[in-house]
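Text of the file entry-v1.tsv, holding TSV, C-alpha atoms (C1' of nucleotides):
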chain	number	residue	atom	x	y	z
A	1	MET	CA	12.84	0.47	-2.27
A	2	SER	CA	11.36	-1.69	0.46
A	3	LEU	CA	11.35	-4.80	-1.71
A	4	ARG	CA	15.13	-5.05	-1.83
A	5	HIS	CA	15.36	-4.60	1.92
A	6	ALA	CA	12.64	-7.14	2.50
A	7	LEU	CA	14.76	-9.55	0.44
A	8	LEU	CA	17.97	-8.64	2.27
A	9	GLY	CA	16.23	-9.12	5.62
A	10	SER	CA	14.86	-12.49	4.56
A	11	LEU	CA	18.33	-13.61	3.52
A	12	ALA	CA	19.79	-12.34	6.82
A	13	ASP	CA	17.41	-14.87	8.31
A	14	GLU	CA	18.92	-17.75	6.31
A	15	PRO	CA	20.17	-18.44	2.77
A	16	ARG	CA	17.30	-19.22	0.43
A	17	ASN	CA	16.51	-19.61	-3.25
A	18	GLY	CA	14.07	-17.35	-5.06
A	19	TYR	CA	11.19	-19.75	-4.76
A	20	ALA	CA	11.68	-20.11	-1.00
A	21	LEU	CA	11.71	-16.32	-0.75
A	22	LEU	CA	8.49	-16.19	-2.74
A	23	LYS	CA	6.84	-18.65	-0.32
A	24	HIS	CA	8.17	-16.67	2.63
A	25	PHE	CA	6.51	-13.54	1.24
A	26	GLU	CA	3.24	-15.41	0.71
A	27	GLN	CA	3.12	-16.80	4.21
A	28	SER	CA	4.66	-14.09	6.27
A	29	LEU	CA	6.29	-10.88	5.00
A	30	GLY	CA	3.64	-10.44	2.32
A	31	TYR	CA	1.12	-9.29	4.92
A	32	ALA	CA	3.29	-6.18	5.22
A	33	TRP	CA	4.91	-6.16	1.77
A	34	PRO	CA	3.58	-8.46	-0.96
A	35	ALA	CA	5.88	-9.46	-3.81
A	36	SER	CA	5.46	-11.70	-6.84
A	37	HIS	CA	8.06	-13.94	-8.47
A	38	SER	CA	8.32	-11.54	-11.42
A	39	GLN	CA	9.56	-8.89	-9.06
A	40	ILE	CA	11.71	-11.10	-6.86
A	41	TYR	CA	13.88	-12.79	-9.51
A	42	PRO	CA	15.08	-9.64	-11.30
A	43	GLU	CA	15.66	-7.91	-7.96
A	44	LEU	CA	17.83	-10.82	-6.76
A	45	ALA	CA	19.93	-10.47	-9.93
A	46	ARG	CA	20.39	-6.75	-9.20
A	47	LEU	CA	21.36	-7.44	-5.59
A	48	VAL	CA	24.02	-9.89	-6.80
A	49	ASP	CA	25.33	-7.24	-9.26
A	50	GLU	CA	25.61	-4.78	-6.41
A	51	GLY	CA	27.35	-7.25	-4.14
A	52	LEU	CA	24.67	-7.17	-1.44
A	53	ILE	CA	23.95	-10.87	-1.81
A	54	GLU	CA	25.84	-13.74	-3.44
A	55	GLN	CA	24.88	-17.04	-4.95
A	56	THR	CA	26.20	-19.69	-2.60
A	57	GLY	CA	24.75	-22.79	-4.17
A	58	ALA	CA	22.84	-24.35	-7.03
A	59	GLY	CA	20.44	-27.22	-6.58
A	60	ALA	CA	18.05	-29.35	-8.54
A	61	ARG	CA	15.68	-27.76	-11.06
A	62	ASN	CA	18.05	-24.92	-11.73
A	63	SER	CA	17.57	-23.51	-8.27
A	64	LYS	CA	20.01	-20.90	-6.99
A	65	THR	CA	20.66	-20.34	-3.33
A	66	TYR	CA	21.54	-16.82	-2.23
A	67	ALA	CA	23.14	-15.59	0.98
A	68	LEU	CA	23.60	-12.11	2.39
A	69	THR	CA	27.08	-10.59	2.08
A	70	ASP	CA	28.66	-8.33	4.71
A	71	ALA	CA	27.82	-5.36	2.49
A	72	GLY	CA	24.22	-6.60	2.38
A	73	LEU	CA	24.02	-6.79	6.17
A	74	ASP	CA	25.44	-3.27	6.42
A	75	GLU	CA	22.89	-2.08	3.90
A	76	ILE	CA	19.83	-3.46	5.67
A	77	ARG	CA	21.07	-2.09	9.00
A	78	ARG	CA	21.67	1.29	7.39
A	79	TRP	CA	18.17	1.21	5.96
A	80	LEU	CA	16.59	0.33	9.31
A	81	GLU	CA	18.58	2.88	11.30
A	82	SER	CA	18.98	5.81	8.95
A	83	THR	CA	15.88	6.02	6.76
A	84	THR	CA	12.40	7.08	7.79
A	85	PRO	CA	9.65	4.57	7.11
A	86	GLU	CA	7.28	5.47	4.30
A	87	ARG	CA	4.04	6.06	6.17
A	88	ARG	CA	1.72	6.25	3.20
A	89	VAL	CA	-0.38	3.10	3.04
A	90	ARG	CA	-2.89	2.14	0.39
A	91	ASN	CA	-5.85	0.07	1.50
A	92	ASP	CA	-8.54	-0.48	-1.09
A	93	ALA	CA	-10.97	-2.20	1.31
A	94	THR	CA	-10.73	0.70	3.74
A	95	LEU	CA	-11.10	3.27	0.96
A	96	ARG	CA	-14.40	1.66	0.01
A	97	THR	CA	-15.89	2.31	3.44
A	98	PHE	CA	-15.77	6.05	2.67
A	99	PHE	CA	-18.45	5.45	0.04
A	100	LEU	CA	-20.93	3.27	1.92
A	101	TRP	CA	-23.51	6.05	1.80
A	102	LEU	CA	-23.73	5.57	-1.98
A	103	LEU	CA	-25.15	2.06	-1.56
A	104	GLU	CA	-28.54	0.76	-0.52
A	105	PRO	CA	-28.31	-0.14	3.20
A	106	GLU	CA	-28.68	-3.87	2.53
A	107	GLU	CA	-25.89	-3.73	-0.04
A	108	ALA	CA	-23.66	-1.73	2.32
A	109	VAL	CA	-24.19	-4.30	5.07
A	110	GLN	CA	-23.29	-7.10	2.66
A	111	GLN	CA	-20.06	-5.39	1.69
A	112	LEU	CA	-19.10	-4.88	5.33
A	113	GLU	CA	-19.95	-8.49	6.18
A	114	ARG	CA	-17.80	-9.75	3.32
A	115	GLU	CA	-14.94	-7.69	4.67
A	116	ARG	CA	-15.50	-8.94	8.20
A	117	ASP	CA	-15.52	-12.56	7.00
A	118	TYR	CA	-12.29	-12.00	5.10
A	119	SER	CA	-10.66	-10.52	8.19
A	120	ALA	CA	-11.96	-13.39	10.34
A	121	ALA	CA	-10.29	-15.88	7.98
A	122	THR	CA	-7.03	-13.93	8.14
A	123	LEU	CA	-7.22	-13.90	11.93
A	124	ALA	CA	-7.79	-17.67	12.04
A	125	GLU	CA	-4.72	-18.13	9.86
A	126	PHE	CA	-2.62	-15.85	12.10
A	127	ARG	CA	-3.76	-17.77	15.19
A	128	ARG	CA	-2.89	-21.06	13.54
A	129	ILE	CA	0.63	-19.80	12.87
A	130	SER	CA	0.82	-18.40	16.38
A	131	ASP	CA	0.10	-21.86	17.82
A	132	GLU	CA	3.15	-23.35	16.16
A	133	PRO	CA	6.16	-23.76	18.44
A	134	THR	CA	9.04	-21.34	17.91
A	135	GLY	CA	12.64	-21.04	19.02
A	136	ALA	CA	13.90	-18.86	21.85
A	137	ASN	CA	16.15	-16.37	20.11
A	138	ARG	CA	15.75	-12.77	19.02
A	139	LYS	CA	14.86	-13.76	15.49
A	140	ALA	CA	12.03	-16.05	16.57
A	141	LEU	CA	10.76	-13.52	19.10
A	142	THR	CA	10.81	-10.80	16.43
A	143	TYR	CA	8.52	-12.92	14.27
A	144	ARG	CA	6.25	-13.38	17.30
A	145	ILE	CA	6.12	-9.61	17.73
A	146	ALA	CA	5.25	-9.06	14.07
A	147	LEU	CA	2.62	-11.80	14.20
A	148	GLU	CA	1.11	-10.36	17.37
A	149	GLY	CA	0.80	-7.06	15.49
A	150	GLY	CA	-1.11	-8.80	12.74
A	151	ILE	CA	-3.39	-10.51	15.23
A	152	ARG	CA	-4.19	-7.33	17.14
A	153	ALA	CA	-4.74	-5.26	13.99
A	154	THR	CA	-7.07	-7.89	12.58
A	155	GLU	CA	-9.02	-8.30	15.83
A	156	SER	CA	-9.45	-4.55	16.02
A	157	ARG	CA	-10.62	-4.42	12.41
A	158	ILE	CA	-13.21	-7.14	13.02
A	159	GLU	CA	-14.58	-5.31	16.05
A	160	TRP	CA	-14.80	-2.11	14.05
A	161	LEU	CA	-16.55	-3.85	11.14
A	162	ASP	CA	-19.07	-5.45	13.52
A	163	TRP	CA	-19.75	-2.03	15.00
A	164	ALA	CA	-20.06	-0.51	11.51
A	165	ILE	CA	-22.54	-3.22	10.49
A	166	GLU	CA	-24.64	-2.35	13.54
A	167	GLN	CA	-24.65	1.32	12.53
A	168	VAL	CA	-25.75	0.65	8.97
A	169	ARG	CA	-28.39	-1.86	10.12
A	170	SER	CA	-29.86	0.53	12.66
A	171	PRO	CA	-33.28	2.16	12.06
A	172	LYS	CA	-31.55	5.52	12.34
A	173	TRP	CA	-29.45	4.84	9.24
A	174	ARG	CA	-32.50	3.76	7.29
A	175	SER	CA	-34.42	6.87	8.34
A	176	LEU	CA	-31.79	9.21	6.88
A	177	GLU	CA	-31.28	10.18	3.28
B	1	MET	CA	-7.85	1.56	-10.41
B	2	SER	CA	-8.80	2.76	-6.98
B	3	LEU	CA	-7.65	6.31	-7.62
B	4	ARG	CA	-10.31	7.00	-10.20
B	5	HIS	CA	-13.00	5.60	-7.93
B	6	ALA	CA	-11.68	7.58	-5.01
B	7	LEU	CA	-12.08	10.66	-7.21
B	8	LEU	CA	-15.55	9.66	-8.37
B	9	GLY	CA	-16.63	9.04	-4.79
B	10	SER	CA	-15.27	12.39	-3.68
B	11	LEU	CA	-17.19	14.12	-6.44
B	12	ALA	CA	-20.35	12.19	-5.53
B	13	ASP	CA	-19.92	13.96	-2.22
B	14	GLU	CA	-19.95	17.40	-3.86
B	15	PRO	CA	-18.50	19.15	-6.91
B	16	ARG	CA	-14.91	20.20	-6.37
B	17	ASN	CA	-11.89	21.46	-8.24
B	18	GLY	CA	-8.65	19.50	-8.45
B	19	TYR	CA	-7.02	21.41	-5.63
B	20	ALA	CA	-9.95	20.82	-3.29
B	21	LEU	CA	-9.75	17.13	-4.16
B	22	LEU	CA	-6.05	17.17	-3.36
B	23	LYS	CA	-6.76	18.70	0.07
B	24	HIS	CA	-9.53	16.18	0.65
B	25	PHE	CA	-7.05	13.38	0.00
B	26	GLU	CA	-4.51	14.95	2.35
B	27	GLN	CA	-6.96	15.34	5.20
B	28	SER	CA	-9.21	12.37	4.84
B	29	LEU	CA	-9.16	9.81	2.01
B	30	GLY	CA	-5.38	9.81	1.86
B	31	TYR	CA	-5.19	7.75	5.04
B	32	ALA	CA	-6.65	4.92	2.96
B	33	TRP	CA	-5.48	6.00	-0.51
B	34	PRO	CA	-2.89	8.78	-0.87
B	35	ALA	CA	-2.73	10.73	-4.11
B	36	SER	CA	-0.59	13.62	-5.31
B	37	HIS	CA	-1.61	16.47	-7.60
B	38	SER	CA	0.49	15.01	-10.42
B	39	GLN	CA	-1.75	11.96	-10.37
B	40	ILE	CA	-5.03	13.74	-9.73
B	41	TYR	CA	-4.99	16.30	-12.56
B	42	PRO	CA	-4.32	13.90	-15.44
B	43	GLU	CA	-6.84	11.42	-14.01
B	44	LEU	CA	-9.51	14.13	-13.89
B	45	ALA	CA	-8.84	14.84	-17.55
B	46	ARG	CA	-9.29	11.15	-18.38
B	47	LEU	CA	-12.52	10.97	-16.37
B	48	VAL	CA	-13.89	13.92	-18.37
B	49	ASP	CA	-12.88	12.18	-21.64
B	50	GLU	CA	-14.76	9.10	-20.54
B	51	GLY	CA	-17.83	11.07	-19.51
B	52	LEU	CA	-17.72	9.97	-15.87
B	53	ILE	CA	-17.34	13.54	-14.65
B	54	GLU	CA	-17.90	16.94	-16.27
B	55	GLN	CA	-16.52	20.39	-15.79
B	56	THR	CA	-19.35	22.46	-14.38
B	57	GLY	CA	-17.54	25.68	-13.65
B	58	ALA	CA	-14.38	27.72	-13.85
B	59	GLY	CA	-13.24	30.10	-11.15
B	60	ALA	CA	-10.38	32.37	-10.28
B	61	ARG	CA	-6.79	31.26	-10.84
B	62	ASN	CA	-7.76	28.99	-13.67
B	63	SER	CA	-9.63	26.65	-11.33
B	64	LYS	CA	-11.98	24.08	-12.83
B	65	THR	CA	-14.90	22.64	-10.92
B	66	TYR	CA	-15.93	19.09	-11.70
B	67	ALA	CA	-19.14	17.23	-10.93
B	68	LEU	CA	-20.07	13.57	-11.19
B	69	THR	CA	-22.22	12.56	-14.17
B	70	ASP	CA	-24.92	9.87	-14.05
B	71	ALA	CA	-22.49	7.54	-15.79
B	72	GLY	CA	-19.94	8.35	-13.10
B	73	LEU	CA	-22.38	7.51	-10.31
B	74	ASP	CA	-23.22	4.23	-12.05
B	75	GLU	CA	-19.52	3.48	-12.35
B	76	ILE	CA	-18.65	3.99	-8.70
B	77	ARG	CA	-21.67	1.93	-7.63
B	78	ARG	CA	-20.64	-0.82	-10.03
B	79	TRP	CA	-17.14	-0.74	-8.61
B	80	LEU	CA	-18.38	-0.95	-5.03
B	81	GLU	CA	-20.90	-3.71	-5.69
B	82	SER	CA	-19.27	-5.85	-8.35
B	83	THR	CA	-15.54	-5.82	-7.79
B	84	THR	CA	-13.58	-7.47	-5.01
B	85	PRO	CA	-11.39	-5.19	-2.93
B	86	GLU	CA	-7.66	-5.56	-3.48
B	87	ARG	CA	-6.52	-6.96	-0.16
B	88	ARG	CA	-2.79	-6.62	-0.66
B	89	VAL	CA	-1.51	-3.79	1.50
B	90	ARG	CA	2.04	-2.43	1.65
B	91	ASN	CA	3.18	-1.05	4.97
B	92	ASP	CA	6.83	-0.12	5.18
B	93	ALA	CA	6.79	0.63	8.91
B	94	THR	CA	5.26	-2.77	9.64
B	95	LEU	CA	7.71	-4.53	7.32
B	96	ARG	CA	10.57	-3.09	9.34
B	97	THR	CA	9.38	-4.78	12.52
B	98	PHE	CA	10.24	-8.13	10.93
B	99	PHE	CA	13.90	-7.15	11.11
B	100	LEU	CA	14.18	-5.84	14.67
B	101	TRP	CA	16.42	-8.75	15.60
B	102	LEU	CA	19.11	-7.31	13.30
B	103	LEU	CA	19.47	-4.21	15.48
B	104	GLU	CA	21.08	-3.60	18.85
B	105	PRO	CA	18.28	-3.70	21.46
B	106	GLU	CA	18.61	0.01	22.24
B	107	GLU	CA	18.35	0.86	18.55
B	108	ALA	CA	15.34	-1.45	18.13
B	109	VAL	CA	13.58	0.23	21.05
B	110	GLN	CA	14.27	3.65	19.53
B	111	GLN	CA	12.76	2.62	16.22
B	112	LEU	CA	9.65	1.27	17.91
B	113	GLU	CA	9.30	4.40	20.02
B	114	ARG	CA	9.56	6.60	16.95
B	115	GLU	CA	6.80	4.57	15.38
B	116	ARG	CA	4.66	4.76	18.49
B	117	ASP	CA	5.08	8.55	18.65
B	118	TYR	CA	4.11	8.88	15.02
B	119	SER	CA	0.97	6.81	15.63
B	120	ALA	CA	0.16	8.85	18.73
B	121	ALA	CA	0.28	12.05	16.65
B	122	THR	CA	-1.98	10.47	14.03
B	123	LEU	CA	-4.41	9.43	16.74
B	124	ALA	CA	-4.48	12.94	18.20
B	125	GLU	CA	-5.27	14.29	14.73
B	126	PHE	CA	-8.08	11.74	14.25
B	127	ARG	CA	-9.55	12.62	17.64
B	128	ARG	CA	-9.42	16.32	16.80
B	129	ILE	CA	-11.38	15.67	13.60
B	130	SER	CA	-13.75	13.42	15.51
B	131	ASP	CA	-14.58	16.27	17.89
B	132	GLU	CA	-15.82	18.47	15.07
B	133	PRO	CA	-19.60	18.58	14.69
B	134	THR	CA	-21.06	16.71	11.71
B	135	GLY	CA	-24.36	16.52	9.95
B	136	ALA	CA	-27.00	13.83	10.46
B	137	ASN	CA	-27.19	12.14	7.10
B	138	ARG	CA	-25.76	8.93	5.67
B	139	LYS	CA	-22.83	10.72	4.11
B	140	ALA	CA	-21.74	12.31	7.39
B	141	LEU	CA	-22.28	9.08	9.31
B	142	THR	CA	-20.22	7.20	6.74
B	143	TYR	CA	-17.30	9.55	7.37
B	144	ARG	CA	-17.77	8.95	11.11
B	145	ILE	CA	-17.56	5.21	10.50
B	146	ALA	CA	-14.38	5.56	8.45
B	147	LEU	CA	-12.86	7.86	11.04
B	148	GLU	CA	-13.78	5.48	13.85
B	149	GLY	CA	-11.93	2.77	11.90
B	150	GLY	CA	-8.85	4.96	11.78
B	151	ILE	CA	-9.07	5.71	15.49
B	152	ARG	CA	-9.47	2.07	16.49
B	153	ALA	CA	-6.70	0.87	14.16
B	154	THR	CA	-4.32	3.51	15.49
B	155	GLU	CA	-5.17	2.82	19.14
B	156	SER	CA	-4.58	-0.86	18.57
B	157	ARG	CA	-1.27	-0.15	16.87
B	158	ILE	CA	-0.08	2.02	19.75
B	159	GLU	CA	-0.97	-0.69	22.28
B	160	TRP	CA	0.90	-3.24	20.20
B	161	LEU	CA	3.97	-1.00	19.88
B	162	ASP	CA	4.01	-0.36	23.64
B	163	TRP	CA	3.86	-4.09	24.20
B	164	ALA	CA	6.62	-4.66	21.63
B	165	ILE	CA	8.82	-2.07	23.33
B	166	GLU	CA	8.35	-3.93	26.61
B	167	GLN	CA	9.45	-7.17	24.97
B	168	VAL	CA	12.59	-5.71	23.46
B	169	ARG	CA	13.46	-3.90	26.70
B	170	SER	CA	13.05	-7.02	28.82
B	171	PRO	CA	16.11	-8.77	30.29
B	172	LYS	CA	15.03	-11.89	28.42
B	173	TRP	CA	15.54	-10.19	25.05
B	174	ARG	CA	18.98	-8.98	26.09
B	175	SER	CA	19.97	-12.43	27.28
B	176	LEU	CA	19.31	-14.03	23.89
B	177	GLU	CA	21.51	-13.97	20.84
C	1	DG	C1'	1.98	-41.32	-17.80
C	2	DC	C1'	0.22	-37.30	-15.66
C	3	DA	C1'	-0.69	-33.83	-12.33
C	4	DC	C1'	1.31	-30.88	-9.14
C	5	DA	C1'	4.71	-28.42	-6.90
C	6	DC	C1'	9.24	-26.61	-7.61
C	7	DA	C1'	11.95	-23.27	-10.02
C	8	DT	C1'	13.30	-19.34	-12.95
C	9	DG	C1'	12.96	-15.98	-16.23
C	10	DT	C1'	11.12	-11.91	-19.59
C	11	DA	C1'	7.92	-8.38	-21.51
C	12	DA	C1'	4.20	-5.17	-21.84
C	13	DG	C1'	1.45	-2.27	-19.63
C	14	DT	C1'	-0.22	0.38	-15.53
C	15	DT	C1'	0.37	3.02	-11.57
C	16	DG	C1'	2.76	5.97	-8.59
C	17	DT	C1'	6.80	9.24	-7.26
C	18	DT	C1'	9.70	13.07	-7.73
C	19	DA	C1'	11.02	16.87	-10.10
C	20	DC	C1'	10.26	20.52	-13.32
C	21	DA	C1'	7.32	24.44	-14.60
C	22	DT	C1'	4.14	28.24	-14.37
C	23	DG	C1'	0.95	31.60	-12.90
C	24	DA	C1'	-2.92	34.01	-9.86
C	25	DT	C1'	-4.77	35.77	-5.55
C	26	DT	C1'	-4.59	36.94	-0.67
C	27	DA	C1'	-2.71	38.47	3.67
C	28	DC	C1'	0.75	41.00	5.90
D	1	DG	C1'	6.62	43.93	-2.18
D	2	DT	C1'	6.77	39.43	-0.82
D	3	DA	C1'	5.59	35.16	1.14
D	4	DA	C1'	2.09	31.76	1.41
D	5	DT	C1'	-1.60	29.49	-0.51
D	6	DC	C1'	-4.37	28.46	-4.40
D	7	DA	C1'	-4.33	26.25	-8.80
D	8	DT	C1'	-2.96	23.45	-12.78
D	9	DG	C1'	-0.08	21.02	-15.69
D	10	DT	C1'	3.96	17.82	-17.79
D	11	DA	C1'	7.99	14.60	-17.88
D	12	DA	C1'	11.22	11.19	-16.39
D	13	DC	C1'	11.75	7.56	-13.69
D	14	DA	C1'	10.70	3.72	-10.49
D	15	DA	C1'	7.75	0.15	-8.90
D	16	DC	C1'	4.28	-3.15	-9.48
D	17	DT	C1'	0.92	-6.31	-12.07
D	18	DT	C1'	-0.39	-9.50	-15.37
D	19	DA	C1'	0.67	-12.39	-18.88
D	20	DC	C1'	3.80	-15.07	-21.52
D	21	DA	C1'	7.25	-18.74	-21.45
D	22	DT	C1'	9.88	-22.77	-20.14
D	23	DG	C1'	11.73	-26.64	-17.84
D	24	DT	C1'	12.55	-30.19	-13.64
D	25	DG	C1'	11.56	-33.50	-9.98
D	26	DT	C1'	8.09	-36.08	-7.08
D	27	DG	C1'	4.09	-38.75	-5.96
D	28	DC	C1'	0.38	-41.53	-7.53

Please re-express this file's structure in structure tokens.
Amino acid sequence: MSLRHALLGSLADEPRNGYALLKHFEQSLGYAWPASHSQIYPELARLVDEGLIEQTGAGARNSKTYALTDAGLDEIRRWLESTTPERRVRNDATLRTFFLWLLEPEEAVQQLERERDYSAATLAEFRRISDEPTGANRKALTYRIALEGGIRATESRIEWLDWAIEQVRSPKWRSLE
Amino acid sequence: MSLRHALLGSLADEPRNGYALLKHFEQSLGYAWPASHSQIYPELARLVDEGLIEQTGAGARNSKTYALTDAGLDEIRRWLESTTPERRVRNDATLRTFFLWLLEPEEAVQQLERERDYSAATLAEFRRISDEPTGANRKALTYRIALEGGIRATESRIEWLDWAIEQVRSPKWRSLE
DNA sequence: GCACACATGTAAGTTGTTACATGATTAC
DNA sequence: GTAATCATGTAACAACTTACATGTGTGC
């Protein structure tokens, strides 16, 4: 049930409507936990039912602003402190590298290069965000920490992919069955 | 539908029964794509129905050995060459770092340390596997490449977590609201 | 006027988790 | 004999994806 806690945490940040939450997932949280509008809206309704958030406003275009309740703040703190993170992670792109040996070397190199280019674009995006000025409070510094994690993970992945491309391009690889 | 291709790829490796596939996921593939026996067994049945794998043997304890068919090999190659990897990744432990500012500094440090220790154990396990001798063919080198990816990603994560712990422990963090 | 972004919702289908259920072989 | 591992299966539930569906305000 990470989605609900991702929503609670985002609303601890500041009150938002569903669409703003959706954009927040797309630009930030979604790198760790993606969510689509068809998941977000029903979940917000459930969180209201359970008293963890409340609707604090209604704006143009039928928009509904939600804020965290005290119970909601308790709940996200409880989740952070008292539950173990789910460590299982699914990564399709990484899974595919286990099967490189099934491809012709040229094809394998192409796949790795595509992946490297994708990661390079992600890194450029992270660096762009990192260049934006931020506040000097724990919240802003927390986002810096998370972003730094994204940058380092992506840099490391690019280096690994470059190294992998070298391996598959090497005469040794070609000489083997 | 990564699970079915993970199974096909594992059977391209060598014929296996469901239980051996389960163990293979636990020790290797599962770091990129976890799967439980309750998912594996029904999926194997479907793959047989579709002619992508076939049962080639039956052993003690009702075990059933499966092998990839030509159609199955075509299918995994098609998947690797012609479909784009799903880039969305869910990582609960990483999501939680976005909400560190909601915790007391001591509690936040504890959470990060727990995460660092977990990663350190994973890294030790990867290094242990890496020390085992392997063959000199494309298949074995592919597993080396995947493993090297795991090692580098985990090393990078540990460095990031150590850096994050420093940030949260610093007097600056404590001085902010 | 028209395109685009804002804004919310539902429904069907797929995938994944947890729990239930059973039985065989091996090592001590 | 008994515990652990090997071995396979099903069922209920939860989570996620994709598609369907609709309407509002803003900028050109």

Proximity check chain C to chain A, 10 Å, nearest pairs one decimal Å, only C-alpha atoms (C1' of nucleotides), as CSV:
residue,atom,partner,partner_atom,distance
C:DC6,C1',A:Arg61,CA,7.4
C:DA7,C1',A:Ser63,CA,5.9
C:DT8,C1',A:Tyr41,CA,7.4
C:DG9,C1',A:Tyr41,CA,7.5
C:DT10,C1',A:Ser38,CA,8.6

Chain D contacts to chain B at 10 Å (all atoms listed in the file) as a PyMOL selection string
chain D and resi 6-10

At a cut-off of 8 Å, can you tabulate as a Markdown table every residue of chain B near chain A together with its closest atom pair and the distance in Å to one decimal, using only C-alpha atoms and ordering rows by chain then number?
| residue | atom | partner | partner_atom | distance |
| --- | --- | --- | --- | --- |
| B:Ser2 | CA | A:Asp92 | CA | 6.7 |
| B:Ala6 | CA | A:Leu95 | CA | 7.4 |
| B:Gly9 | CA | A:Phe99 | CA | 6.3 |
| B:Leu29 | CA | A:Leu95 | CA | 6.9 |
| B:Tyr31 | CA | A:Val89 | CA | 7.0 |
| B:Ala32 | CA | A:Asn91 | CA | 5.1 |
| B:Trp33 | CA | A:Arg90 | CA | 4.7 |
| B:Pro34 | CA | A:Arg88 | CA | 6.6 |
| B:Arg77 | CA | A:Leu103 | CA | 7.0 |
| B:Leu80 | CA | A:Arg96 | CA | 6.9 |
| B:Glu81 | CA | A:Glu107 | CA | 7.5 |
| B:Pro85 | CA | A:Ala93 | CA | 5.2 |
| B:Glu86 | CA | A:Asp92 | CA | 5.7 |
| B:Arg87 | CA | A:Ala93 | CA | 6.7 |
| B:Arg88 | CA | A:Pro34 | CA | 6.6 |
| B:Val89 | CA | A:Asn91 | CA | 5.8 |
| B:Arg90 | CA | A:Trp33 | CA | 4.7 |
| B:Asn91 | CA | A:Ala32 | CA | 5.1 |
| B:Asp92 | CA | A:Glu86 | CA | 5.7 |
| B:Ala93 | CA | A:Pro85 | CA | 5.2 |
| B:Thr94 | CA | A:Ala32 | CA | 5.9 |
| B:Leu95 | CA | A:Ala32 | CA | 5.2 |
| B:Arg96 | CA | A:Leu80 | CA | 6.9 |
| B:Thr97 | CA | A:Ala146 | CA | 6.1 |
| B:Phe98 | CA | A:Ala146 | CA | 6.0 |
| B:Phe99 | CA | A:Gly9 | CA | 6.3 |
| B:Leu100 | CA | A:Thr142 | CA | 6.2 |
| B:Trp101 | CA | A:Lys139 | CA | 5.2 |
| B:Leu102 | CA | A:Arg77 | CA | 7.0 |
| B:Leu103 | CA | A:Arg77 | CA | 7.0 |
| B:Glu107 | CA | A:Glu81 | CA | 7.5 |
| B:Gln111 | CA | A:Glu81 | CA | 7.6 |
| B:Ala136 | CA | A:Leu176 | CA | 7.6 |
| B:Asn137 | CA | A:Leu176 | CA | 5.5 |
| B:Arg138 | CA | A:Trp101 | CA | 5.3 |
| B:Lys139 | CA | A:Trp101 | CA | 5.3 |
| B:Thr142 | CA | A:Trp101 | CA | 6.0 |
| B:Tyr143 | CA | A:Phe98 | CA | 6.1 |
| B:Ile145 | CA | A:Ala164 | CA | 6.3 |
| B:Ala146 | CA | A:Phe98 | CA | 6.0 |
| B:Glu148 | CA | A:Trp160 | CA | 7.7 |
| B:Gly149 | CA | A:Trp160 | CA | 6.1 |
| B:Arg152 | CA | A:Ser156 | CA | 6.6 |
| B:Ala153 | CA | A:Ser156 | CA | 6.4 |
| B:Ser156 | CA | A:Ala153 | CA | 6.4 |
| B:Arg157 | CA | A:Ala153 | CA | 6.8 |
| B:Trp160 | CA | A:Gly149 | CA | 6.1 |
| B:Ala164 | CA | A:Ile145 | CA | 6.3 |
| B:Trp173 | CA | A:Arg138 | CA | 6.6 |
| B:Leu176 | CA | A:Asn137 | CA | 5.5 |
| B:Glu177 | CA | A:Asn137 | CA | 5.9 |

What's the separation between CA of Leu68 (chain B) and CA of Glu14 (chain B), in Å to one decimal place?
8.3 Å

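Of note, CA of Asp117 (chain A) and CA of Pro171 (chain A) are spaced 23.6 Å apart.
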
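Of note, CA of Leu44 (chain B) and CA of Leu22 (chain B) are spaced 11.5 Å apart.
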
Report the centre and edge lengths, in Å to one decimal, of an axis-aligned box enclosing every atom of region 10-27 of chain D listed in the file, padded by 4 Å on each side, as lines of an AutoDock Vina configuration file.
center_x = 6.1
center_y = -10.5
center_z = -13.7
size_x = 20.9
size_y = 64.6
size_z = 23.6

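When the distance limit is 9 Å and all atoms listed in the file are what count, the residues near DG16 (chain C), minus those fewer than 4 positions from it on the same chain, are Ala35, Ser36 and Gln39 of chain B; DA14 and DA15 of chain D.
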